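Asks: Here it is, the structure in full.
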Amino acid sequence: MLFYRTIFCLILVFTACSSYGLQYPKQHPDPDLDIASLEKLVMRYRYDQPDSAIYFAERGLKLARSKNNEEGIAAMLNQLGMIDDNLGKADDSRQKYLEALEIYKRLGHKKGIVKENIRLGVVENRKGNYDQASAYFLQALKVSEKNRDKAGIMESYITLGEVSANRKLHDKAIEYLQKAEKISLELPFSSLKLNLYSDLGTSFSAKGDFEKAIFYFQKGISQSDTPQMMGLHISLFNGLADVYAKSGDVDKAIALHLAALDKSRKINNLIREFNSLMGLARSYSGKDAKKALVYLEQALQLAKYKNSNKQLLEVLTAIASLQAKQENYKAAFEAKNQQYNIADSFYYKDIALKISDLQAQYELNKSEAKVQQLKFINSQQVLEQNIMLWIIGGSVSLLIVLSAYFFKIRNLNRLLNQSNTALSASNVVKDKLFSILAHDLRAPLNSVISLLDLINKGWLNEEEKTMMMNKLAVHCNASMETLDLLLQWGQMQLKGVMLNQVIISPSEIIERNISLFLEAALHKSILIEKSIGTDVSVFADADHLDFIIRNLLSNAIKFTPEGGTIKLSVQRKSDSSEVLFTIKDSGVGISEERLSSVFTTDSVSTNGTNNEKGTSLGLVICKEFVLANHGEIWVISKQGVGSEFFFTLQDK
């Protein structure tokens with residue numbers, strides 16, 4: 001009887017596993033496992049048997065929900081997110097991490113908050129969204145330091161080092177990683193140490209210190225050959241192979257990449273398999289181009305299978321480059337053409353196709369289309385009302401300022417009997433304001449309405465929604481900056497420049513503004529150098545100086561391409577009682593025809609090197625502030641070389 005009961009139970013288990021399409025582990029677990037035990041099983045099977053890991057994670061999630069165990073729900077969501085991450089499903093993993101983060105925040109679970117911030121940062125880092133990744137990692141560091149959690153602090157430093165390395169800031173990366181290494185000496189062994197060894201090896205390799213790089217990779221490999229650590233083990237193999245390839249030992253690099261490829265295929269880890277294939281292609285590119293192309297073709301098929309646009313673009317770039325080196329220009333052109341088509345499809349054509357598909361569906365199902373149309377009309381009306389309220393509010397504020405300004409001008413004309421020339425100049429100012437309103441406010445608002453229209457129709461997936469929301473933020477921020485400048489300039493025309501001069505040290509204001517724009521400069525890999533004379537003080541309005549420095553520094557970053565330099569200096573003039581401020585960039589420069597009008601309302605606004613939006617009013621306000629403080633401002637610029645802005649203020 002016991003034998004038949006056992007057979008019956010095994011049949012039930014097999015049937016349940018088959019219904020999920022899962023590969024059940026060879027060692028069957030106790031049917032009454034708790035959440036902690038299920039989490040350990042997920043970690044055990046996450047790499048070599050992901051289907052089984054999903055089975056146990058979903059079982060744990062169901063158990064946690066039945067017991068209303070929120071901490072258990074968050075833990076299982078985190079595990080499911082990591083499985084998705086390993087399978088290359090970035091959007092799915094991000095959504096699960098966000099759900100887990102909300103639960104941990106509600107519970108006040110500090111370590112859980114740190115864990116999910118780090119996982120979210122890893123997803124954004126892999127997608128190339130370095131600013132978002134840094135924000136998540138810095139939040140994790142802040143919570144860990146407040147909670148005195150050494151493991152959390154160590155992991156935060158490691159991930160910050162990874163972002164810095166991706167930005168090619170290798171000295172900064174090593175600085176973060178060595179802080180983590182120091183903390184690791186106080187903690188027991190974990191996968192964190194393997195990540196640390198891999199990152200240190202990569203950073204030292206990038207700096208050309210191959211001996212240290214090999215030391216860290218070999219140290220990590222020797223401690224990671226276990227099923228639980230297999231993903232990191234493979235990454236360490238690939239990292240060590242890259243070091244040998246850079247140092248000239250290509251045969252050793254190929255052997256290590258082949259070992260990594262074999263291991264990744266055994267555990268069905270698509271991310272590591274792709275990285276191993278790309279590593280083999282790099283190693284063979286200078287030795288045997290045909291073999292390199294074979295591995296690139298395998299990587300291409302894997303990227304197509306995963307439907308990963310980012311990896312497809314990476315492979316096609318490598319194929320085009322290799323074919324061009326072999327003078328196979330037709331094949332190189334075809335690869336480049338595929339690359340452009342994918343990029344174009346990813347950003348633009350997919351949306352158009354989805355719109356067309358939905359329109360076709362509406363034609364086939366008219367009754368459903370009518371319902372959708374009514375919903376759309378209602379929501380569009382609400383959307384238009386909200387946008388119109390925002391536009392009307394801003395326009396009314398501007399009209400009030402403009403009306404008061406024009407009224408004042410008219411009264412002055414009547415009382416002082418101003419000449420027709422002065423009145424004409426006032427009309428020029430009026431025309432300039434309306435031109436800015438029409439160009440710099442109306443155009444972004446039209447874009448906002450169009451983007452919101454797409455989102456409102458529900459035609460976009462989550463990744464496309466995120467991309468559109470980022471564009472909305474850029475447009476709205478640019479419009480708000482334009483509105484602020486218009487209001488500030490209009491107020492100055494109405495009331496004049498308010499002056500509150502005191503003795504101030506410019507170094508504090510400069511340091512504050514450099515910190516404010518440091519992230520924007522790092523995003524474009526721009527180096528900011530400063531030289532401030534000792535004991536330099538000026539007699540000026542502190543708010544005016546702050547605005548001038550902020551505007552000139554913002555413009556320098558905006559119009560300097562990636563990898564450029566900005567030099568800011570403050571020196572006391574030896575031949576007068578003035579202090580000279582200089583902000584020099586290596587940007588695009590200003591054409592001769594625009595140079596004479598940059599400080600006037602006749603100037604035309606242009607976009608930055610990364611298409612940053614702006615207006616021409618910033619420099620106009622800078623000039624008025626400088627003149628109000630009894631100084632002078634001027635610019636020297638050459639198109640294609642850069643610009644150098646100068647202004648003076650009175651010495652104390």
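To be explicit about the labels: the chains of the structure tokens are called A, B, and onward in the order shown, and within each one the residues are counted from 1, while ligands get numbers from 1 in the order they are shown.
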Contacts between range 238-252 of chain A and range 282-334 of chain A, please, where a residue of range 282-334 of chain A counts if it comes within 12 Å (with only C-alpha atoms); show its shortest atom pair and distance in Å to one decimal, rows by chain and ascending number, as a tab-separated table.

Replies:
residue	atom	partner	partner_atom	distance
A:Arg282	CA	A:Ala245	CA	8.5
A:Ser283	CA	A:Val250	CA	6.1
A:Tyr284	CA	A:Val250	CA	7.9
A:Ser285	CA	A:Val250	CA	10.3
A:Gly286	CA	A:Val250	CA	9.2
A:Lys287	CA	A:Val250	CA	8.4
A:Asp288	CA	A:Val250	CA	11.1

Asks: Mind dumping the selected residues with N, CA and C atoms as a short mmCIF file (atom, residue, chain, number, x, y, z; two decimals), in the first residue's frame?

Replies:
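This went into out-v5.cif:
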data_model
loop_
_atom_site.label_atom_id
_atom_site.label_comp_id
_atom_site.auth_asym_id
_atom_site.auth_seq_id
_atom_site.Cartn_x
_atom_site.Cartn_y
_atom_site.Cartn_z
N ARG A 282 35.94 39.24 -30.62
CA ARG A 282 36.99 40.25 -30.45
C ARG A 282 38.38 39.63 -30.51
N SER A 283 38.53 38.47 -29.85
CA SER A 283 39.84 37.83 -29.80
C SER A 283 40.28 37.33 -31.18
N TYR A 284 39.32 36.82 -31.97
CA TYR A 284 39.66 36.28 -33.29
C TYR A 284 39.76 37.36 -34.36
N SER A 285 39.26 38.58 -34.09
CA SER A 285 39.17 39.60 -35.13
C SER A 285 40.52 39.94 -35.76
N GLY A 286 41.58 39.93 -34.96
CA GLY A 286 42.89 40.23 -35.52
C GLY A 286 43.67 39.00 -35.93
N LYS A 287 43.09 37.82 -35.71
CA LYS A 287 43.81 36.57 -35.98
C LYS A 287 43.16 35.77 -37.10
N ASP A 288 41.84 35.63 -37.04
CA ASP A 288 41.12 34.84 -38.04
C ASP A 288 39.73 35.48 -38.20
#

Asks: One decimal, in Å: what's the spacing between CA of Ala180 in chain A and CA of Met154 in chain A?

Replies: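 Distance between the two atoms: 4.6 Å.
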
Asks: Excluding Ile636 in chain A and any residue of its chain fewer than 6 positions from it, enumerate the residues within 7 Å of it, using only C-alpha atoms, and give them as a list in words.

Replies: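 Close residues of Ile636 in chain A: Ser643, Glu644 and Phe645 of chain A.
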
Asks: Report as a PDB file with N, CA and C atoms, in the first residue's frame all protein, DNA and RNA residues lying within 12 Å of range 507-521 of chain A, evaluated on only C-alpha atoms, omitting residues in the same chain fewer than 3 positions from it.

Replies:
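Result file selection37.pdb:
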ATOM      1  N   TYR A 130      22.926  55.725 -17.313  1.00  0.00           N
ATOM      2  CA  TYR A 130      23.873  55.857 -16.205  1.00  0.00           C
ATOM      3  C   TYR A 130      23.411  56.848 -15.134  1.00  0.00           C
ATOM      4  N   ASP A 131      22.706  57.904 -15.527  1.00  0.00           N
ATOM      5  CA  ASP A 131      22.230  58.861 -14.535  1.00  0.00           C
ATOM      6  C   ASP A 131      21.211  58.211 -13.597  1.00  0.00           C
ATOM      7  N   GLN A 132      20.261  57.470 -14.178  1.00  0.00           N
ATOM      8  CA  GLN A 132      19.262  56.796 -13.360  1.00  0.00           C
ATOM      9  C   GLN A 132      19.917  55.728 -12.481  1.00  0.00           C
ATOM     10  N   SER A 134      23.021  55.705 -11.304  1.00  0.00           N
ATOM     11  CA  SER A 134      23.741  56.384 -10.214  1.00  0.00           C
ATOM     12  C   SER A 134      22.791  56.847  -9.131  1.00  0.00           C
ATOM     13  N   ALA A 135      21.620  57.351  -9.539  1.00  0.00           N
ATOM     14  CA  ALA A 135      20.643  57.821  -8.551  1.00  0.00           C
ATOM     15  C   ALA A 135      20.189  56.672  -7.650  1.00  0.00           C
ATOM     16  N   SER A 164      30.862  54.305 -12.870  1.00  0.00           N
ATOM     17  CA  SER A 164      32.006  55.148 -13.214  1.00  0.00           C
ATOM     18  C   SER A 164      32.855  54.490 -14.303  1.00  0.00           C
ATOM     19  N   ARG A 167      31.369  54.872 -17.621  1.00  0.00           N
ATOM     20  CA  ARG A 167      31.545  56.245 -18.109  1.00  0.00           C
ATOM     21  C   ARG A 167      33.008  56.547 -18.429  1.00  0.00           C
ATOM     22  N   ILE A 504      31.425  89.960  -1.006  1.00  0.00           N
ATOM     23  CA  ILE A 504      31.225  88.504  -1.083  1.00  0.00           C
ATOM     24  C   ILE A 504      32.461  87.837  -1.673  1.00  0.00           C
ATOM     25  N   LYS A 524      28.335  64.152 -20.155  1.00  0.00           N
ATOM     26  CA  LYS A 524      28.975  64.415 -21.443  1.00  0.00           C
ATOM     27  C   LYS A 524      30.496  64.266 -21.353  1.00  0.00           C
ATOM     28  N   SER A 525      30.992  63.711 -20.212  1.00  0.00           N
ATOM     29  CA  SER A 525      32.440  63.508 -19.998  1.00  0.00           C
ATOM     30  C   SER A 525      33.216  64.815 -20.175  1.00  0.00           C
ATOM     31  N   ILE A 526      32.653  65.910 -19.651  1.00  0.00           N
ATOM     32  CA  ILE A 526      33.290  67.222 -19.750  1.00  0.00           C
ATOM     33  C   ILE A 526      34.085  67.489 -18.469  1.00  0.00           C
ATOM     34  N   LEU A 527      35.334  67.924 -18.623  1.00  0.00           N
ATOM     35  CA  LEU A 527      36.188  68.245 -17.486  1.00  0.00           C
ATOM     36  C   LEU A 527      36.058  69.740 -17.164  1.00  0.00           C
ATOM     37  N   ILE A 528      35.750  70.045 -15.882  1.00  0.00           N
ATOM     38  CA  ILE A 528      35.647  71.440 -15.448  1.00  0.00           C
ATOM     39  C   ILE A 528      36.869  71.773 -14.588  1.00  0.00           C
ATOM     40  N   GLU A 529      37.675  72.728 -15.044  1.00  0.00           N
ATOM     41  CA  GLU A 529      38.856  73.168 -14.308  1.00  0.00           C
ATOM     42  C   GLU A 529      38.603  74.574 -13.772  1.00  0.00           C
ATOM     43  N   LYS A 530      39.085  74.855 -12.561  1.00  0.00           N
ATOM     44  CA  LYS A 530      38.875  76.184 -11.986  1.00  0.00           C
ATOM     45  C   LYS A 530      40.181  76.711 -11.404  1.00  0.00           C
ATOM     46  N   SER A 531      40.333  78.014 -11.462  1.00  0.00           N
ATOM     47  CA  SER A 531      41.497  78.695 -10.906  1.00  0.00           C
ATOM     48  C   SER A 531      41.013  79.995 -10.272  1.00  0.00           C
ATOM     49  N   ILE A 532      40.989  80.030  -8.941  1.00  0.00           N
ATOM     50  CA  ILE A 532      40.466  81.190  -8.220  1.00  0.00           C
ATOM     51  C   ILE A 532      41.597  81.785  -7.383  1.00  0.00           C
ATOM     52  N   GLY A 533      41.889  83.044  -7.605  1.00  0.00           N
ATOM     53  CA  GLY A 533      42.953  83.715  -6.864  1.00  0.00           C
ATOM     54  C   GLY A 533      42.680  83.731  -5.367  1.00  0.00           C
ATOM     55  N   THR A 534      43.741  83.735  -4.592  1.00  0.00           N
ATOM     56  CA  THR A 534      43.599  83.726  -3.132  1.00  0.00           C
ATOM     57  C   THR A 534      43.073  85.069  -2.633  1.00  0.00           C
ATOM     58  N   ASP A 535      42.209  84.995  -1.631  1.00  0.00           N
ATOM     59  CA  ASP A 535      41.660  86.191  -0.961  1.00  0.00           C
ATOM     60  C   ASP A 535      41.012  87.164  -1.947  1.00  0.00           C
ATOM     61  N   VAL A 536      40.309  86.631  -2.947  1.00  0.00           N
ATOM     62  CA  VAL A 536      39.605  87.486  -3.898  1.00  0.00           C
ATOM     63  C   VAL A 536      38.178  87.702  -3.416  1.00  0.00           C
ATOM     64  N   SER A 537      37.765  88.963  -3.282  1.00  0.00           N
ATOM     65  CA  SER A 537      36.397  89.310  -2.920  1.00  0.00           C
ATOM     66  C   SER A 537      35.921  90.416  -3.844  1.00  0.00           C
ATOM     67  N   VAL A 538      34.602  90.526  -3.994  1.00  0.00           N
ATOM     68  CA  VAL A 538      34.026  91.569  -4.845  1.00  0.00           C
ATOM     69  C   VAL A 538      32.901  92.267  -4.105  1.00  0.00           C
ATOM     70  N   ASP A 541      26.089  92.307  -5.889  1.00  0.00           N
ATOM     71  CA  ASP A 541      24.877  91.624  -5.438  1.00  0.00           C
ATOM     72  C   ASP A 541      25.103  90.110  -5.568  1.00  0.00           C
ATOM     73  N   ALA A 542      24.972  89.392  -4.462  1.00  0.00           N
ATOM     74  CA  ALA A 542      25.265  87.951  -4.461  1.00  0.00           C
ATOM     75  C   ALA A 542      24.328  87.178  -5.388  1.00  0.00           C
ATOM     76  N   ASP A 543      23.036  87.542  -5.413  1.00  0.00           N
ATOM     77  CA  ASP A 543      22.087  86.842  -6.289  1.00  0.00           C
ATOM     78  C   ASP A 543      22.426  87.079  -7.757  1.00  0.00           C
ATOM     79  N   HIS A 544      22.877  88.317  -8.075  1.00  0.00           N
ATOM     80  CA  HIS A 544      23.245  88.610  -9.461  1.00  0.00           C
ATOM     81  C   HIS A 544      24.451  87.773  -9.893  1.00  0.00           C
ATOM     82  N   LEU A 545      25.472  87.710  -9.035  1.00  0.00           N
ATOM     83  CA  LEU A 545      26.671  86.934  -9.364  1.00  0.00           C
ATOM     84  C   LEU A 545      26.333  85.456  -9.517  1.00  0.00           C
ATOM     85  N   ASP A 546      25.455  84.951  -8.642  1.00  0.00           N
ATOM     86  CA  ASP A 546      25.047  83.550  -8.722  1.00  0.00           C
ATOM     87  C   ASP A 546      24.365  83.270 -10.065  1.00  0.00           C
ATOM     88  N   PHE A 547      23.475  84.164 -10.502  1.00  0.00           N
ATOM     89  CA  PHE A 547      22.782  83.974 -11.778  1.00  0.00           C
ATOM     90  C   PHE A 547      23.772  84.002 -12.943  1.00  0.00           C
ATOM     91  N   ILE A 548      24.716  84.958 -12.915  1.00  0.00           N
ATOM     92  CA  ILE A 548      25.676  85.092 -14.025  1.00  0.00           C
ATOM     93  C   ILE A 548      26.532  83.833 -14.160  1.00  0.00           C
ATOM     94  N   ILE A 549      27.093  83.369 -13.020  1.00  0.00           N
ATOM     95  CA  ILE A 549      27.930  82.156 -13.051  1.00  0.00           C
ATOM     96  C   ILE A 549      27.112  80.959 -13.515  1.00  0.00           C
ATOM     97  N   ARG A 550      25.905  80.811 -12.974  1.00  0.00           N
ATOM     98  CA  ARG A 550      25.069  79.662 -13.330  1.00  0.00           C
ATOM     99  C   ARG A 550      24.734  79.655 -14.811  1.00  0.00           C
ATOM    100  N   ASN A 551      24.376  80.822 -15.368  1.00  0.00           N
ATOM    101  CA  ASN A 551      23.988  80.892 -16.775  1.00  0.00           C
ATOM    102  C   ASN A 551      25.170  80.634 -17.704  1.00  0.00           C
ATOM    103  N   LEU A 552      26.327  81.258 -17.410  1.00  0.00           N
ATOM    104  CA  LEU A 552      27.495  81.080 -18.282  1.00  0.00           C
ATOM    105  C   LEU A 552      28.033  79.653 -18.219  1.00  0.00           C
ATOM    106  N   LEU A 553      28.016  79.049 -17.011  1.00  0.00           N
ATOM    107  CA  LEU A 553      28.488  77.668 -16.867  1.00  0.00           C
ATOM    108  C   LEU A 553      27.534  76.704 -17.557  1.00  0.00           C
ATOM    109  N   SER A 554      26.209  76.941 -17.416  1.00  0.00           N
ATOM    110  CA  SER A 554      25.217  76.100 -18.089  1.00  0.00           C
ATOM    111  C   SER A 554      25.387  76.164 -19.605  1.00  0.00           C
ATOM    112  N   ASN A 555      25.602  77.385 -20.143  1.00  0.00           N
ATOM    113  CA  ASN A 555      25.804  77.520 -21.588  1.00  0.00           C
ATOM    114  C   ASN A 555      27.071  76.800 -22.049  1.00  0.00           C
ATOM    115  N   ALA A 556      28.143  76.895 -21.236  1.00  0.00           N
ATOM    116  CA  ALA A 556      29.397  76.235 -21.605  1.00  0.00           C
ATOM    117  C   ALA A 556      29.220  74.729 -21.716  1.00  0.00           C
ATOM    118  N   ILE A 557      28.497  74.133 -20.748  1.00  0.00           N
ATOM    119  CA  ILE A 557      28.236  72.686 -20.785  1.00  0.00           C
ATOM    120  C   ILE A 557      27.333  72.347 -21.959  1.00  0.00           C
ATOM    121  N   LYS A 558      26.335  73.194 -22.190  1.00  0.00           N
ATOM    122  CA  LYS A 558      25.354  72.942 -23.249  1.00  0.00           C
ATOM    123  C   LYS A 558      26.007  72.904 -24.623  1.00  0.00           C
ATOM    124  N   PHE A 559      26.953  73.823 -24.877  1.00  0.00           N
ATOM    125  CA  PHE A 559      27.524  73.945 -26.222  1.00  0.00           C
ATOM    126  C   PHE A 559      28.906  73.303 -26.357  1.00  0.00           C
ATOM    127  N   THR A 560      29.318  72.523 -25.338  1.00  0.00           N
ATOM    128  CA  THR A 560      30.586  71.789 -25.427  1.00  0.00           C
ATOM    129  C   THR A 560      30.292  70.323 -25.726  1.00  0.00           C
ATOM    130  N   PRO A 561      30.919  69.729 -26.739  1.00  0.00           N
ATOM    131  CA  PRO A 561      30.650  68.323 -27.055  1.00  0.00           C
ATOM    132  C   PRO A 561      31.276  67.391 -26.025  1.00  0.00           C
ATOM    133  N   GLU A 562      30.956  66.103 -26.147  1.00  0.00           N
ATOM    134  CA  GLU A 562      31.472  65.105 -25.216  1.00  0.00           C
ATOM    135  C   GLU A 562      32.999  65.083 -25.233  1.00  0.00           C
ATOM    136  N   GLY A 563      33.585  64.958 -24.017  1.00  0.00           N
ATOM    137  CA  GLY A 563      35.030  64.906 -23.888  1.00  0.00           C
ATOM    138  C   GLY A 563      35.699  66.266 -23.895  1.00  0.00           C
ATOM    139  N   GLY A 564      34.910  67.363 -23.870  1.00  0.00           N
ATOM    140  CA  GLY A 564      35.478  68.705 -23.914  1.00  0.00           C
ATOM    141  C   GLY A 564      35.962  69.188 -22.560  1.00  0.00           C
ATOM    142  N   THR A 565      36.415  70.437 -22.511  1.00  0.00           N
ATOM    143  CA  THR A 565      36.969  71.035 -21.290  1.00  0.00           C
ATOM    144  C   THR A 565      36.382  72.425 -21.082  1.00  0.00           C
ATOM    145  N   ILE A 566      36.107  72.747 -19.824  1.00  0.00           N
ATOM    146  CA  ILE A 566      35.659  74.087 -19.436  1.00  0.00           C
ATOM    147  C   ILE A 566      36.605  74.608 -18.369  1.00  0.00           C
ATOM    148  N   LYS A 567      37.139  75.818 -18.574  1.00  0.00           N
ATOM    149  CA  LYS A 567      38.066  76.416 -17.613  1.00  0.00           C
ATOM    150  C   LYS A 567      37.436  77.691 -17.039  1.00  0.00           C
ATOM    151  N   LEU A 568      37.368  77.755 -15.726  1.00  0.00           N
ATOM    152  CA  LEU A 568      36.775  78.902 -15.037  1.00  0.00           C
ATOM    153  C   LEU A 568      37.833  79.529 -14.145  1.00  0.00           C
ATOM    154  N   SER A 569      38.092  80.837 -14.317  1.00  0.00           N
ATOM    155  CA  SER A 569      39.127  81.492 -13.517  1.00  0.00           C
ATOM    156  C   SER A 569      38.618  82.822 -12.976  1.00  0.00           C
ATOM    157  N   VAL A 570      39.143  83.198 -11.806  1.00  0.00           N
ATOM    158  CA  VAL A 570      38.832  84.482 -11.166  1.00  0.00           C
ATOM    159  C   VAL A 570      40.149  85.077 -10.687  1.00  0.00           C
ATOM    160  N   GLN A 571      40.525  86.261 -11.207  1.00  0.00           N
ATOM    161  CA  GLN A 571      41.792  86.887 -10.841  1.00  0.00           C
ATOM    162  C   GLN A 571      41.594  88.387 -10.646  1.00  0.00           C
ATOM    163  N   PHE A 581      36.509  87.804 -14.226  1.00  0.00           N
ATOM    164  CA  PHE A 581      35.972  86.437 -14.274  1.00  0.00           C
ATOM    165  C   PHE A 581      36.044  85.943 -15.719  1.00  0.00           C
ATOM    166  N   THR A 582      36.511  84.699 -15.895  1.00  0.00           N
ATOM    167  CA  THR A 582      36.629  84.124 -17.242  1.00  0.00           C
ATOM    168  C   THR A 582      36.048  82.716 -17.243  1.00  0.00           C
ATOM    169  N   ILE A 583      35.171  82.428 -18.224  1.00  0.00           N
ATOM    170  CA  ILE A 583      34.651  81.067 -18.426  1.00  0.00           C
ATOM    171  C   ILE A 583      34.921  80.694 -19.880  1.00  0.00           C
ATOM    172  N   ASN A 610      23.922  68.224 -27.406  1.00  0.00           N
ATOM    173  CA  ASN A 610      23.043  67.070 -27.189  1.00  0.00           C
ATOM    174  C   ASN A 610      21.588  67.470 -27.382  1.00  0.00           C
ATOM    175  N   GLU A 612      20.139  70.179 -26.344  1.00  0.00           N
ATOM    176  CA  GLU A 612      19.544  70.829 -25.183  1.00  0.00           C
ATOM    177  C   GLU A 612      18.839  72.113 -25.627  1.00  0.00           C
TER     178      GLU A 612
END

Asks: If we count only C-alpha atoms, what is near Glu162 in chain A at a cut-off of 12 Å, once residues fewer than 4 positions away on the same chain are taken out, given as a ChimeraX atom specification?

Replies: /A:118,121-122,124-126,128,130,133-134,137,155-158,166-177,180,195-203

Asks: Using C-alpha atoms, can you export the residues from the last selection as a short mmCIF file (atom, residue, chain, number, x, y, z; two decimals), in the first residue's frame?

Replies:
data_model
loop_
_atom_site.label_atom_id
_atom_site.label_comp_id
_atom_site.auth_asym_id
_atom_site.auth_seq_id
_atom_site.Cartn_x
_atom_site.Cartn_y
_atom_site.Cartn_z
CA ILE A 118 20.72 48.28 -6.23
CA GLY A 121 20.34 50.45 -10.68
CA VAL A 122 21.87 47.33 -12.23
CA GLU A 124 19.44 50.83 -15.74
CA ASN A 125 23.25 50.45 -15.87
CA ARG A 126 22.96 47.56 -18.32
CA GLY A 128 23.05 52.53 -20.53
CA TYR A 130 23.87 55.86 -16.21
CA ALA A 133 21.58 53.98 -12.27
CA SER A 134 23.74 56.38 -10.21
CA PHE A 137 23.01 53.42 -6.17
CA GLU A 155 27.60 46.84 -2.49
CA SER A 156 26.69 50.48 -3.09
CA TYR A 157 30.36 51.39 -3.57
CA ILE A 158 30.79 48.43 -5.96
CA ASN A 166 31.05 52.49 -17.86
CA ARG A 167 31.55 56.25 -18.11
CA LYS A 168 35.29 55.66 -18.67
CA LEU A 169 36.13 57.33 -15.32
CA HIS A 170 38.46 54.50 -14.30
CA ASP A 171 40.35 56.34 -11.53
CA LYS A 172 37.02 57.21 -9.90
CA ALA A 173 35.85 53.63 -10.37
CA ILE A 174 38.96 52.23 -8.64
CA GLU A 175 38.50 54.74 -5.81
CA TYR A 176 34.95 53.47 -5.15
CA LEU A 177 36.00 49.82 -5.53
CA ALA A 180 34.44 48.49 -1.01
CA ASN A 195 31.64 41.22 -8.18
CA LEU A 196 34.28 43.36 -6.52
CA TYR A 197 37.18 41.25 -7.90
CA SER A 198 35.64 41.34 -11.40
CA ASP A 199 35.18 45.12 -11.33
CA LEU A 200 38.68 45.76 -9.98
CA GLY A 201 40.13 43.51 -12.67
CA THR A 202 38.20 45.32 -15.39
CA SER A 203 39.20 48.79 -14.15
#

Asks: List the neighbours of Glu632 in chain A out to 8 Å using only C-alpha atoms; skip same-chain residues closer than 3 positions along the sequence, and give me the result as a compact mmCIF listing (two decimals) with N, CA and C atoms, in the first residue's frame.

Replies:
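Now in around08.txt:
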# COMPACT_ATOMS: atom_id res chain seq x y z
N LYS A 623 24.04 90.50 -18.82
CA LYS A 623 24.60 91.82 -19.12
C LYS A 623 23.99 92.89 -18.22
N VAL A 626 25.48 92.59 -14.77
CA VAL A 626 26.88 93.06 -14.72
C VAL A 626 26.93 94.59 -14.74
N LEU A 627 26.17 95.21 -15.64
CA LEU A 627 26.15 96.67 -15.72
C LEU A 627 25.62 97.30 -14.45
N PHE A 647 33.78 88.85 -17.68
CA PHE A 647 33.07 89.97 -17.07
C PHE A 647 33.86 90.44 -15.85
N THR A 648 33.69 91.72 -15.52
CA THR A 648 34.41 92.29 -14.38
C THR A 648 33.42 92.78 -13.34
N LEU A 649 33.87 92.77 -12.08
CA LEU A 649 33.12 93.34 -10.96
C LEU A 649 34.10 94.14 -10.11

Asks: Compile the contact shell of Leu77 in chain A as a ChimeraX atom specification: residues with an atom at most 7 Å away, counting only C-alpha atoms, same-chain residues fewer than 4 positions apart removed.

Replies: /A:73,81,96-97,100

Asks: Record the distance separating CA of Arg594 in chain A and CA of Val635 in chain A, expressed in Å with one decimal.

Replies: 11.4 Å
